[in-house]
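Q: What follows is a structure written as structure tokens; I'll ask about it next.
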Amino acid sequence: MKIRKTTIIVHIIAWSVALIWILPFLGVFMASIRPVREIIYGWWNFDPFNPTLKNFIEAWNHSMFPLWRGVLNSFIVAIPSTIIPLFLGALAGYGFARFSFPIKNYIFLTIVLLMAMPQQSVAIPLYMMMNSLGLIDNYIGLITVHSAWGLPWIILFMRNFFSTLPVEVEEAARVDGASSFKIFYKIVLPMALPALASVVVLQFMWVWSDFFLALILIYDPDLLLATQRVPRIAFGAFHVDWGILSAGSIIVMAVPIIVFALLQKYYIRGMIGWTVKG
Amino acid sequence: MARVVLKNLTKRFGEVVAVDKLSLEVRDKEFVVFLGPSGSGKTTALRCIAGLEIPDEGEIYIGDEFVNDLEPKDRDVAMVFQSYALYPHMTVFQNLAFPLECAKVPKAEIKGRVQRVAGLLKMEELLERKPRQLSGGQQQRVALGRAIIREPQVFLMDEPLSNLDAKLRVYMRAELKNLQKEIGVTTIYVTHDQIEAMTMADRIAILNEGLLQQFDSPDGVYSKPSNVFVAGFVGSPPTNFFDCTLTEEGFLDAGEFKYPLPKDLAEALARTSTSNELILGVRPQHVKVYKQRKAEIGLIKAYLYTTEPLGEMMILDLKVGDNLVKAIVNPDFEVAEELWIEFPIDKVYLFDKKTGKSLV
């Protein structure tokens, strides 16, 4: 089989880009599974090479900032922060896709514009508002902010997806005797499963990886999230422990990757085969 | 089982009047076809009856009930869509059961009714499949089954056969017609295919640009078209038309030829038409073609343009002046460059050019 020149070039470019991403990760990974003294002169020196899980265990059971507690806290925050905006965003997106009401387009435009707002610009007002509501050091506050922050993109995303679904299927359900709400949860949501899976993956990943909002709203050492603990576990009395830092990073990184792996079946399946062609 | 009555039904989309003062009555157990070209308002009218569109004016009655303000689910109608609109994530069984679940029919009864409908439509072995695992014809049957299972007062069908291949469509035409008679449910069927309309309907409502053109039996719309549009739309190949002027001597002057009229007919035309400008129409099936001039008057000289052999018959395309005339002859007809054609007086249609309305 003859391989075309363009194919080779595309592959070279793709591999180069991939290497830019993979190399630092490889560095972190190597640092996490080896003692500090082995990597101090570069992780690419493999003499000596004594792989160990010690860094992971130390990070997980850190005496002051145990990472297991951070992972648990992050789940407590990330799960509701994914489900709440998913549910509200899907409902609102369906409304924007299928119903007409006054100033619909202006409201939608406002929602889209909200996506452009940087978190940093509202950091201080957000802190002051949450402080006056007594929601500092309180997960309800953080979950509310995450949910609100996720809503605009989820509404936009779900509305666009719902617009691609054949409206006749919903009309058939209406004639068949289903109420609007029944059509939504029995017909529309199952058809939107690939889109819902995409929302879950992305929203969960963003909430899980968030550092900034947690930094503003959570201070209690017991309540610190996983991302907040990673820099803290690395500082010993006299030096930075790169091994523990790397192990902690990998633990925190692994969770969204697992979520993606679990849902990728739906994520990749996309819409193929979900709507019936005529 | 019920009749459907439309009174002055009007639906506008912005400036466009999709359905314009449509009034008609579909009798109990009748199979009525709404026939028209795309944009004629036939689907919009059907969707108004289903409750999927809200009419701007007019009244809709199903049975004796005024249904304008009722939701689709409260109208007791079932609809088959052109794309079938099956629920893609449900099995065939679940698709069929859905309308019954919505009506809160007990589980045990649902199972029995699904089995019965599946038996009727010969798809018992498909019940566990998803729609995407079915062929077009099978999907079509599921869509029909989902309509039948409700035992509604009225079936509404929006071009249900147009996505099937030609062979299956011909087969399903007879199946559907037979099924409708068997179940005896009032049916309104929308199509742009005049053969479907002619073969299946008890009566055909022909629509164009939102207006009802004629509402009559298949034979009625074919042999007594009420206007130029109906005469041109029903029948294949379409009717030949000639613009002509009614002369004082009682001829129709089409420029290239003069068509003699019986005296009483000429007088009647002069009385009923808005002007002396008329349209003469004759179906290709009714054009008589001769190789020799047989009579002094009434025959028209034509030149052969081309032939279209179809096996059991042949279409001759003939030139009369600038007009192209289609005539159907036997396949063994010996063609010649010069031919003579005749339009039998009892087969021609005469229309007022200004109004388009039939004058005979």
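Residue names in the structure tokens use chain letters A, B, ... in the order shown, residue numbers from 1 in each chain, and ligand numbers from 1 in the order shown.
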Based on DSSP run over this structure's backbone, return all residues of region 110-157 of chain A in helix (DSSP H, G or I), as an MDAnalysis selection string.

A: chainID A and resid 110:114 119:132 139:157

Q: Up to 7 Å from chain A, what residues of chain B turn up? Count only C-alpha atoms and give them as a compact mmCIF listing (two decimals) with C-alpha atoms, in the first residue's frame.

A:
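Result file follows (selection_3.txt):
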```txt
# COMPACT_ATOMS: atom_id res chain seq x y z
CA PRO B 72 -53.83 17.31 20.31
CA LYS B 73 -54.05 14.64 23.00
CA ALA B 78 -53.83 9.56 15.59
CA MET B 79 -51.28 10.80 13.12
CA SER B 83 -40.73 10.62 8.50
CA ALA B 85 -41.39 9.99 13.78
CA LEU B 86 -40.77 6.81 15.72
CA TYR B 87 -39.21 7.15 19.17
CA PRO B 88 -35.63 6.14 18.37
CA HIS B 89 -34.65 5.06 21.88
CA PRO B 99 -49.98 6.09 23.32
CA CYS B 102 -50.20 8.07 28.03
CA ALA B 103 -53.87 7.11 28.23
CA PRO B 131 -36.40 1.58 14.99
CA ARG B 132 -32.91 1.93 13.54
CA ASN B 163 -40.35 7.66 1.78
```

Q: Could you jot down the CA of Ala2 (chain B) to CA of Val80 (chain B) separation for me, Å, one decimal place?

A: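 CA of Val80 (chain B) lies 18.1 Å from CA of Ala2 (chain B).
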
Q: How far is it from CA of Val122 (chain A) to CA of Gly141 (chain A), in Å with one decimal?

A: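 Distance between the two atoms: 14.9 Å.
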
Q: Of the residues A:Phe25, A:Phe99, A:Tyr127, A:Phe181, which is the one nearest to Met253 (chain A), using only C-alpha atoms?

A: A:Phe25

Q: Please provide as a list in words all residues within 8 Å of Leu156 (chain A), with the sequence filter that same-chain residues fewer than 5 positions apart are discarded (counting only C-alpha atoms).

A: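 My reading of the contact set: Gly93, Ile111 and Val112 of chain A.
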
Q: Report as a PDB file with N, CA and C atoms, in the first residue's frame all protein, DNA and RNA residues lying within 10 Å of Leu278 (chain B), evaluated on only C-alpha atoms, omitting residues in the same chain fewer than 3 positions from it.

A:
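So the final result, stored in selection_15.pdb, reads:
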```pdb
ATOM      1  N   PHE B 242     -55.334  24.790 -24.741  1.00  0.00           N
ATOM      2  CA  PHE B 242     -55.153  25.784 -25.812  1.00  0.00           C
ATOM      3  C   PHE B 242     -55.919  27.050 -25.442  1.00  0.00           C
ATOM      4  N   ASP B 243     -55.260  28.189 -25.549  1.00  0.00           N
ATOM      5  CA  ASP B 243     -55.958  29.466 -25.403  1.00  0.00           C
ATOM      6  C   ASP B 243     -56.724  29.718 -26.688  1.00  0.00           C
ATOM      7  N   CYS B 244     -57.999  30.053 -26.583  1.00  0.00           N
ATOM      8  CA  CYS B 244     -58.740  30.320 -27.805  1.00  0.00           C
ATOM      9  C   CYS B 244     -59.818  31.396 -27.596  1.00  0.00           C
ATOM     10  N   THR B 245     -60.342  31.847 -28.713  1.00  0.00           N
ATOM     11  CA  THR B 245     -61.356  32.904 -28.694  1.00  0.00           C
ATOM     12  C   THR B 245     -62.638  32.336 -29.286  1.00  0.00           C
ATOM     13  N   LEU B 246     -63.746  32.623 -28.636  1.00  0.00           N
ATOM     14  CA  LEU B 246     -65.038  32.176 -29.150  1.00  0.00           C
ATOM     15  C   LEU B 246     -65.494  33.179 -30.216  1.00  0.00           C
ATOM     16  N   LEU B 252     -64.200  27.904 -32.004  1.00  0.00           N
ATOM     17  CA  LEU B 252     -63.143  28.300 -31.074  1.00  0.00           C
ATOM     18  C   LEU B 252     -61.900  28.530 -31.914  1.00  0.00           C
ATOM     19  N   ASP B 253     -61.402  29.776 -31.907  1.00  0.00           N
ATOM     20  CA  ASP B 253     -60.247  30.105 -32.731  1.00  0.00           C
ATOM     21  C   ASP B 253     -58.986  30.040 -31.877  1.00  0.00           C
ATOM     22  N   ALA B 254     -58.190  29.001 -32.118  1.00  0.00           N
ATOM     23  CA  ALA B 254     -56.955  28.839 -31.340  1.00  0.00           C
ATOM     24  C   ALA B 254     -55.741  29.355 -32.113  1.00  0.00           C
ATOM     25  N   LEU B 269     -71.970  28.832 -24.051  1.00  0.00           N
ATOM     26  CA  LEU B 269     -70.662  29.383 -23.662  1.00  0.00           C
ATOM     27  C   LEU B 269     -70.696  30.901 -23.673  1.00  0.00           C
ATOM     28  N   SER B 273     -69.714  32.599 -20.051  1.00  0.00           N
ATOM     29  CA  SER B 273     -68.337  33.051 -19.849  1.00  0.00           C
ATOM     30  C   SER B 273     -68.292  34.553 -19.599  1.00  0.00           C
ATOM     31  N   THR B 274     -67.216  34.981 -18.912  1.00  0.00           N
ATOM     32  CA  THR B 274     -67.084  36.404 -18.608  1.00  0.00           C
ATOM     33  C   THR B 274     -66.615  37.194 -19.821  1.00  0.00           C
ATOM     34  N   SER B 275     -65.932  36.506 -20.759  1.00  0.00           N
ATOM     35  CA  SER B 275     -65.534  37.172 -22.005  1.00  0.00           C
ATOM     36  C   SER B 275     -65.481  36.092 -23.080  1.00  0.00           C
ATOM     37  N   GLY B 281     -59.445  22.325 -23.225  1.00  0.00           N
ATOM     38  CA  GLY B 281     -58.594  21.288 -22.655  1.00  0.00           C
ATOM     39  C   GLY B 281     -58.999  19.911 -23.152  1.00  0.00           C
ATOM     40  N   LEU B 350     -63.953  22.902 -21.330  1.00  0.00           N
ATOM     41  CA  LEU B 350     -63.915  24.308 -21.704  1.00  0.00           C
ATOM     42  C   LEU B 350     -63.911  25.158 -20.438  1.00  0.00           C
ATOM     43  N   PHE B 351     -62.940  26.056 -20.374  1.00  0.00           N
ATOM     44  CA  PHE B 351     -62.792  26.881 -19.172  1.00  0.00           C
ATOM     45  C   PHE B 351     -62.808  28.352 -19.540  1.00  0.00           C
ATOM     46  N   ASP B 352     -63.305  29.156 -18.611  1.00  0.00           N
ATOM     47  CA  ASP B 352     -63.226  30.600 -18.759  1.00  0.00           C
ATOM     48  C   ASP B 352     -61.782  31.019 -18.490  1.00  0.00           C
ATOM     49  N   LYS B 353     -61.178  31.750 -19.416  1.00  0.00           N
ATOM     50  CA  LYS B 353     -59.762  32.065 -19.238  1.00  0.00           C
ATOM     51  C   LYS B 353     -59.533  32.969 -18.028  1.00  0.00           C
ATOM     52  N   LYS B 354     -60.467  33.872 -17.787  1.00  0.00           N
ATOM     53  CA  LYS B 354     -60.274  34.838 -16.698  1.00  0.00           C
ATOM     54  C   LYS B 354     -60.402  34.161 -15.331  1.00  0.00           C
ATOM     55  N   THR B 355     -61.433  33.378 -15.141  1.00  0.00           N
ATOM     56  CA  THR B 355     -61.671  32.773 -13.830  1.00  0.00           C
ATOM     57  C   THR B 355     -61.052  31.386 -13.704  1.00  0.00           C
ATOM     58  N   GLY B 356     -60.758  30.749 -14.834  1.00  0.00           N
ATOM     59  CA  GLY B 356     -60.226  29.386 -14.802  1.00  0.00           C
ATOM     60  C   GLY B 356     -61.296  28.341 -14.560  1.00  0.00           C
ATOM     61  N   LYS B 357     -62.544  28.774 -14.373  1.00  0.00           N
ATOM     62  CA  LYS B 357     -63.609  27.832 -14.006  1.00  0.00           C
ATOM     63  C   LYS B 357     -64.149  27.071 -15.212  1.00  0.00           C
ATOM     64  N   SER B 358     -64.604  25.865 -14.949  1.00  0.00           N
ATOM     65  CA  SER B 358     -65.187  25.043 -16.007  1.00  0.00           C
ATOM     66  C   SER B 358     -66.506  25.661 -16.476  1.00  0.00           C
ATOM     67  N   LEU B 359     -66.750  25.579 -17.779  1.00  0.00           N
ATOM     68  CA  LEU B 359     -67.947  26.215 -18.332  1.00  0.00           C
ATOM     69  C   LEU B 359     -68.970  25.196 -18.809  1.00  0.00           C
TER      70      LEU B 359
END
```

Q: If you count only C-alpha atoms, which residues fall within 12 Å of Asn138 (chain A), apart from same-chain ones fewer than 2 positions away, as a ChimeraX atom specification?

A: /A:73,76-77,130-131,133-136,140-145,214,216-220,222-225

Q: Considering only C-alpha atoms, return as a VMD selection string whatever protein or nucleic-acid residues lie within 12 Å of Met117 (chain A), sequence-local ones (same chain, fewer than 6 positions apart) excluded.

A: chain A and resid 110 to 111 123 149 to 150 152 to 153

Q: So that I have them on file, write out the residues from the current selection with C-alpha atoms, as an mmCIF file, in the first residue's frame.

A:
```cif
data_model
loop_
_atom_site.group_PDB
_atom_site.id
_atom_site.type_symbol
_atom_site.label_atom_id
_atom_site.label_comp_id
_atom_site.auth_asym_id
_atom_site.auth_seq_id
_atom_site.Cartn_x
_atom_site.Cartn_y
_atom_site.Cartn_z
ATOM 1 C CA THR A 110 -27.674 37.871 27.322
ATOM 2 C CA ILE A 111 -26.988 34.298 28.368
ATOM 3 C CA ALA A 123 -13.981 37.753 42.253
ATOM 4 C CA TRP A 149 -21.253 29.665 36.113
ATOM 5 C CA GLY A 150 -21.968 26.486 34.158
ATOM 6 C CA PRO A 152 -24.826 29.733 30.193
ATOM 7 C CA TRP A 153 -22.726 27.304 28.210
#
```

Q: Can you tell me, as a count of residues only, which residues in region 143-287 of chain B count as strand (DSSP E) by DSSP?

A: 42

Q: Using only C-alpha atoms, which residues sit within 12 Å of Ile188 (chain B) once same-chain residues fewer than 6 positions away are excluded, as JSON, numbers by chain?

A: {"B": [2, 3, 4, 5, 24, 25, 26, 27, 28, 29, 30, 31, 32, 33, 34, 35, 42, 43, 45, 46, 47, 49, 50, 77, 78, 79, 80, 153, 154, 155, 156, 157, 158, 159, 160, 177, 180, 197, 200, 201, 202, 203, 204, 205]}

Q: For a quick check of understanding, using only C-alpha atoms, which of A:Ile79, A:Ile103, A:Ala234, A:Ala254 has the smallest distance to Val200 (chain A)?

A: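 Using only C-alpha atoms, Val200 (chain A) sits closest to A:Ile79.
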
Q: Find the residue from B:Gly298, B:Pro218, B:Pro37, B:Pro284 that sits nearest to Leu316 (chain B); use only C-alpha atoms when measuring.

A: B:Pro284

Q: Record the distance separating CA of Gly321 (chain B) and CA of Phe229 (chain B), expressed in Å with one decimal.

A: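 Those two atoms sit 23.5 Å apart.
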